[in-house]
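Remarks on the structure that follows.
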Number of protein chains: 2
Amino acid sequence: MAAPSSEVERQRDKERTRAEILAVATREFADKGYAGARVDEIAARTSTTKRMIYYYFGGKEQLYVAALERAYATIRSLEQDLDVDHLEPEDAIRQLAELTFDHHEANPDFIRLVSIENIHHGEHIARSEALSGMANPALDVLTRILGRGREAGRFRDDVDALDVHMVISSFCVFRLANRHTFSAIFGRDMLDPARRAHYRLMLGDLVVEYLTA
Amino acid sequence: MAAPSSEVERQRDKERTRAEILAVATREFADKGYAGARVDEIAARTSTTKRMIYYYFGGKEQLYVAALERAYATIRSLEQDLDVDHLEPEDAIRQLAELTFDHHEANPDFIRLVSIENIHHGEHIARSEALSGMANPALDVLTRILGRGREAGRFRDDVDALDVHMVISSFCVFRLANRHTFSAIFGRDMLDPARRAHYRLMLGDLVVEYLTA
DNA sequence: TTTAATGTACGAACTAGTGAGTTCACTGTA
DNA sequence: TACAGTGAACTCACTAGTTCGTACATTAAA
């Protein structure tokens with residue numbers, strides 16, 4: 001048979017097992033919340049057993065923190081490839097906002113994990129060294145864009161990068177995180193594909209009009 | 001002794017007991033989430049017993065729904081006394097936004113319950129007749145303001161009241177719902193009283209500049 | 001052969017919910 | 001006015017089922 005000595009088709013694979021547990025746990029925690037998620041359920045959805053969860057992660061809480069850390073790391077790495085320094089400040093802001101819009105929409109589990117972590121008063125993220133120090137690359141980009149816009153006299157100067165980031169995040173996060181109650185009360189699905197372009201444009205207009213006022 | 005026949009100091013009081021359970025349950029669910037909240041803990045924090053929770057509400061889930069319904073009703077009643085029809089559209093919008101800002105800040109438990117309900121995919125709110133139909137009075141006000149602004153040629157016409165409501169809610173909800181992770185990652189407390197006026201003004205500017213662009 | 005990785009079975013603690021009985025306020029009746 | 005009757009409000013103790021975590025045995029790989 002084919003190469004049994006190489007990396008192909010290993011039955012016992014530390015990384016593979018860890019990664020599978022983490023992926024399943026992320027889905028489960030994002031779906032049910034920390035208290036609502038069940039370790040036995042997570043184990044059942046993997047090809048391994050509950051014993052392995054405790055072997056690799058130590059316990060339910062550490063598994064949750066690991067899932068949270070991985071989710072943040074994923075989003076951060078996506079933000080890395082953001083190159084808008086060659087654009088006009090208005091266009092750069094717009095592109096940054098739209099990238100955030102796209103990332104959030106493409107990663108609903110991340111949004112849900114963040115909501116869940118906030119329900120728990122951010123106690124885990126505050127304790128995690130990997131997360132509490134993790135800077136946001138998008139913020140540096142934003143700082144540069146704002147600086148260029150202000151120098152050119154085109155942007156207002158009573159807000160900083162974090163304020164603008166907050167506005168963009170608010171919009172993108174709300175659209176995902178609160179869609180269920182919003183839909184139940186107002187009968188409008190904020191994630192309806194037919195409305196996507198409208199919201200995306202709206203966010204860009206919102207931020208740019210505010211900054212250039 | 002004084003009037004034993006009147007309403008004073010009743011030991012057995014249906015309404016009082018129900019209300020106390022509901023108040024404690026609201027705090028507990030808002031604090032721990034649905035799955036994280038403990039019926040025994042809720043009972044312990046009341047002056048009555050767990051049996052009474054089942055006697056009056058039927059079960060944990062019905063208690064949660066009752067707490068959610070009461071929270072929404074409270075917010076809606078606050079929105080009732082909103083009279084801005086005499087103001088210029090720009091000022092009216094600003095005042096509406098600031099009222100929402102104030103209400104959300106004053107009712108963190110409501111925001112948390114909504115977050116929690118969204119984690120549960122809004123399954124309870126969708127089933128609740130009391131909630132799924134409950135219209136938002138602020139939305140009617142908003143519709144009128146937008147109409148006046150558009151007629152006067154001062155507001156853009158590519159957004160409806162629900163879109164504007166969404167922007168305002170996004171900002172106000174995010175500031176409360178995500179403050180823990182935001183603070184852990186960026187080191188800025190969005191609820192710092194010193195920054196309150198700045199955010200309040202920022203929200204008004206944001207919406208007005210967008211609408212009048 | 002040694003050790004890392006894995007599976008099975010189990011237990012201690014917790015948790016939602018209930019069965020059964022008690023107390024209290026009030027009402028009609030003698 | 002005394003009092004038995006009644007139903008709502010309430011207490012206590014218990015159980016059936018769940019859930020996290022682990023002891024112990026086993027297997028594959030180095």
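Letters A, B, ... go to the chains of the structure tokens in the order shown; residues in each chain start at 1; ligands are counted from 1 in the same order.
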Using only C-alpha atoms (C1' of nucleotides), which chain A residues lie at most 10 Å away from chain C, written as a VMD selection string? chain A and resid 12 to 14 48 to 52 55
List as JSON lines every residue of chain B that is in contact with chain A, defined as an atom at most 6 Å from one of its atoms (using only C-alpha atoms), together with the nearest atom pair and the distance in Å rounded to one decimal, sorted by chain and then rising number.
```
{"residue": "B:Ala35", "atom": "CA", "partner": "A:Gly36", "partner_atom": "CA", "distance": 5.1}
{"residue": "B:Gly36", "atom": "CA", "partner": "A:Ala35", "partner_atom": "CA", "distance": 5.1}
{"residue": "B:Asn118", "atom": "CA", "partner": "A:His180", "partner_atom": "CA", "distance": 5.7}
{"residue": "B:His121", "atom": "CA", "partner": "A:His180", "partner_atom": "CA", "distance": 5.7}
{"residue": "B:Gly122", "atom": "CA", "partner": "A:His180", "partner_atom": "CA", "distance": 5.0}
{"residue": "B:Ala126", "atom": "CA", "partner": "A:Ala184", "partner_atom": "CA", "distance": 5.5}
{"residue": "B:Ser132", "atom": "CA", "partner": "A:Ile185", "partner_atom": "CA", "distance": 5.1}
{"residue": "B:Ser170", "atom": "CA", "partner": "A:Ser170", "partner_atom": "CA", "distance": 5.2}
{"residue": "B:Phe171", "atom": "CA", "partner": "A:Ser170", "partner_atom": "CA", "distance": 5.4}
{"residue": "B:Phe174", "atom": "CA", "partner": "A:Ser170", "partner_atom": "CA", "distance": 5.3}
{"residue": "B:Asn178", "atom": "CA", "partner": "A:Asn118", "partner_atom": "CA", "distance": 5.9}
{"residue": "B:His180", "atom": "CA", "partner": "A:Gly122", "partner_atom": "CA", "distance": 5.0}
{"residue": "B:Thr181", "atom": "CA", "partner": "A:Gly122", "partner_atom": "CA", "distance": 5.5}
{"residue": "B:Ala184", "atom": "CA", "partner": "A:Ser132", "partner_atom": "CA", "distance": 5.4}
{"residue": "B:Ile185", "atom": "CA", "partner": "A:Ser132", "partner_atom": "CA", "distance": 5.1}
{"residue": "B:Leu206", "atom": "CA", "partner": "A:Tyr210", "partner_atom": "CA", "distance": 5.3}
{"residue": "B:Glu209", "atom": "CA", "partner": "A:Tyr210", "partner_atom": "CA", "distance": 5.6}
{"residue": "B:Tyr210", "atom": "CA", "partner": "A:Leu206", "partner_atom": "CA", "distance": 5.3}
```
Okay, now the selection with N, CA and C atoms, as a compact mmCIF listing (two decimals), in the first residue's frame?
```
# COMPACT_ATOMS: atom_id res chain seq x y z
N ALA B 35 -29.30 29.47 30.18
CA ALA B 35 -28.77 28.18 30.67
C ALA B 35 -27.97 28.37 31.95
N GLY B 36 -27.31 29.50 32.08
CA GLY B 36 -26.47 29.74 33.25
C GLY B 36 -27.25 30.08 34.51
N ASN B 118 -30.98 36.61 21.53
CA ASN B 118 -30.41 36.41 20.21
C ASN B 118 -29.48 35.21 20.16
N HIS B 121 -31.30 32.40 19.24
CA HIS B 121 -31.92 32.55 17.92
C HIS B 121 -33.31 33.15 17.97
N GLY B 122 -33.61 33.88 19.03
CA GLY B 122 -34.90 34.55 19.13
C GLY B 122 -36.09 33.60 19.15
N ALA B 126 -40.04 34.93 19.19
CA ALA B 126 -40.82 34.61 17.99
C ALA B 126 -42.14 33.93 18.38
N SER B 132 -43.84 39.46 19.67
CA SER B 132 -43.58 39.46 18.23
C SER B 132 -44.42 40.50 17.50
N SER B 170 -27.77 50.23 16.80
CA SER B 170 -26.44 49.63 16.70
C SER B 170 -25.48 50.30 17.66
N PHE B 171 -25.41 51.60 17.51
CA PHE B 171 -24.47 52.40 18.30
C PHE B 171 -24.74 52.24 19.80
N PHE B 174 -24.31 48.42 20.98
CA PHE B 174 -22.91 47.99 20.97
C PHE B 174 -22.16 48.55 22.17
N ASN B 178 -21.14 45.24 24.16
CA ASN B 178 -19.79 44.77 23.88
C ASN B 178 -18.71 45.49 24.68
N HIS B 180 -17.35 44.89 27.50
CA HIS B 180 -16.33 44.09 28.19
C HIS B 180 -15.20 43.64 27.28
N THR B 181 -15.57 43.06 26.13
CA THR B 181 -14.51 42.64 25.21
C THR B 181 -13.80 43.86 24.62
N ALA B 184 -11.39 45.03 27.18
CA ALA B 184 -10.27 44.10 27.35
C ALA B 184 -9.27 44.23 26.21
N ILE B 185 -9.76 44.43 25.00
CA ILE B 185 -8.88 44.47 23.84
C ILE B 185 -8.28 45.85 23.60
N LEU B 206 -23.51 61.73 13.77
CA LEU B 206 -23.44 60.62 12.83
C LEU B 206 -24.73 60.49 12.02
N GLU B 209 -25.61 64.00 10.02
CA GLU B 209 -24.73 64.23 8.87
C GLU B 209 -25.04 63.25 7.75
N TYR B 210 -25.33 62.03 8.13
CA TYR B 210 -25.66 61.02 7.12
C TYR B 210 -26.95 61.39 6.39
```
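Straight-line separation from atom C1' of DC10 of chain D to atom CA of Ala71 of chain B: 27.3 Å.
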How close does each residue of chain D get to chain B, giving the shortest atom pair and distance in Å to one decimal for every residue with an atom at most 10 Å away, counting only C-alpha atoms (C1' of nucleotides), sorted by chain and residue number, as a Markdown table?
```
| residue | atom | partner | partner_atom | distance |
| --- | --- | --- | --- | --- |
| D:DA8 | C1' | B:Lys14 | CA | 9.1 |
| D:DA9 | C1' | B:Arg12 | CA | 6.5 |
| D:DC10 | C1' | B:Met52 | CA | 7.5 |
| D:DT11 | C1' | B:Thr49 | CA | 7.8 |
| D:DC12 | C1' | B:Arg51 | CA | 9.7 |
```
May I have the residues within 12 Å of Glu20 of chain A as a VMD selection string, using only C-alpha atoms (C1' of nucleotides) and disregarding those fewer than 2 positions away in the same chain? chain A and resid 13 to 18 22 to 27 42 to 49 52 to 53 56 67
Who sits within 9 Å of Gly59 of chain A, only C-alpha atoms (C1' of nucleotides), same chain under 5 positions skipped, as a count of residues only: 6
DSSP says helix (DSSP H, G or I) for which residues of segment 13-176 of chain B? Put them as a PyMOL selection string? chain B and resi 14-32+39-45+50-57+60-80+89-106+108-119+123-127+129-132+137-151+161-176
Hey, what's within 12 Å of Leu82 of chain B if we count only C-alpha atoms (C1' of nucleotides) and toss same-chain stuff fewer than 3 positions away? As a VMD selection string, please? chain B and resid 76 to 79 85 to 87 92 to 93 95 to 100 103 136 to 142
Taking C-alpha atoms for each residue, export the selection above as an mmCIF file, in the first residue's frame.
```cif
data_model
loop_
_atom_site.group_PDB
_atom_site.id
_atom_site.type_symbol
_atom_site.label_atom_id
_atom_site.label_comp_id
_atom_site.auth_asym_id
_atom_site.auth_seq_id
_atom_site.Cartn_x
_atom_site.Cartn_y
_atom_site.Cartn_z
ATOM 1 C CA ARG B 76 -41.661 50.540 25.083
ATOM 2 C CA SER B 77 -43.474 52.514 27.749
ATOM 3 C CA LEU B 78 -40.421 54.759 28.080
ATOM 4 C CA GLU B 79 -40.542 55.445 24.354
ATOM 5 C CA ASP B 85 -43.082 66.912 16.197
ATOM 6 C CA HIS B 86 -42.589 70.584 16.980
ATOM 7 C CA LEU B 87 -38.831 70.466 16.335
ATOM 8 C CA ALA B 92 -35.938 65.944 16.193
ATOM 9 C CA ILE B 93 -33.659 63.165 14.931
ATOM 10 C CA GLN B 95 -33.347 64.215 20.259
ATOM 11 C CA LEU B 96 -34.718 60.797 19.317
ATOM 12 C CA ALA B 97 -31.198 59.410 19.079
ATOM 13 C CA GLU B 98 -30.237 60.873 22.433
ATOM 14 C CA LEU B 99 -33.342 59.490 24.079
ATOM 15 C CA THR B 100 -32.488 56.025 22.775
ATOM 16 C CA HIS B 103 -32.719 54.611 27.652
ATOM 17 C CA ASN B 136 -42.147 50.236 18.353
ATOM 18 C CA PRO B 137 -43.618 53.685 19.047
ATOM 19 C CA ALA B 138 -40.237 55.252 18.339
ATOM 20 C CA LEU B 139 -40.527 53.957 14.794
ATOM 21 C CA ASP B 140 -43.690 55.948 14.082
ATOM 22 C CA VAL B 141 -42.042 59.078 15.390
ATOM 23 C CA LEU B 142 -39.038 58.384 13.210
#
```
If you measure from atom CA of Asp102 of chain A to atom CA of Glu88 of chain A, what distance in Å do you get, rounded to one decimal?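 Between atom CA of Asp102 of chain A and atom CA of Glu88 of chain A the gap is 20.8 Å.
Atom CA of Arg195 of chain A is positioned 29.5 Å from atom CA of Ala73 of chain B.
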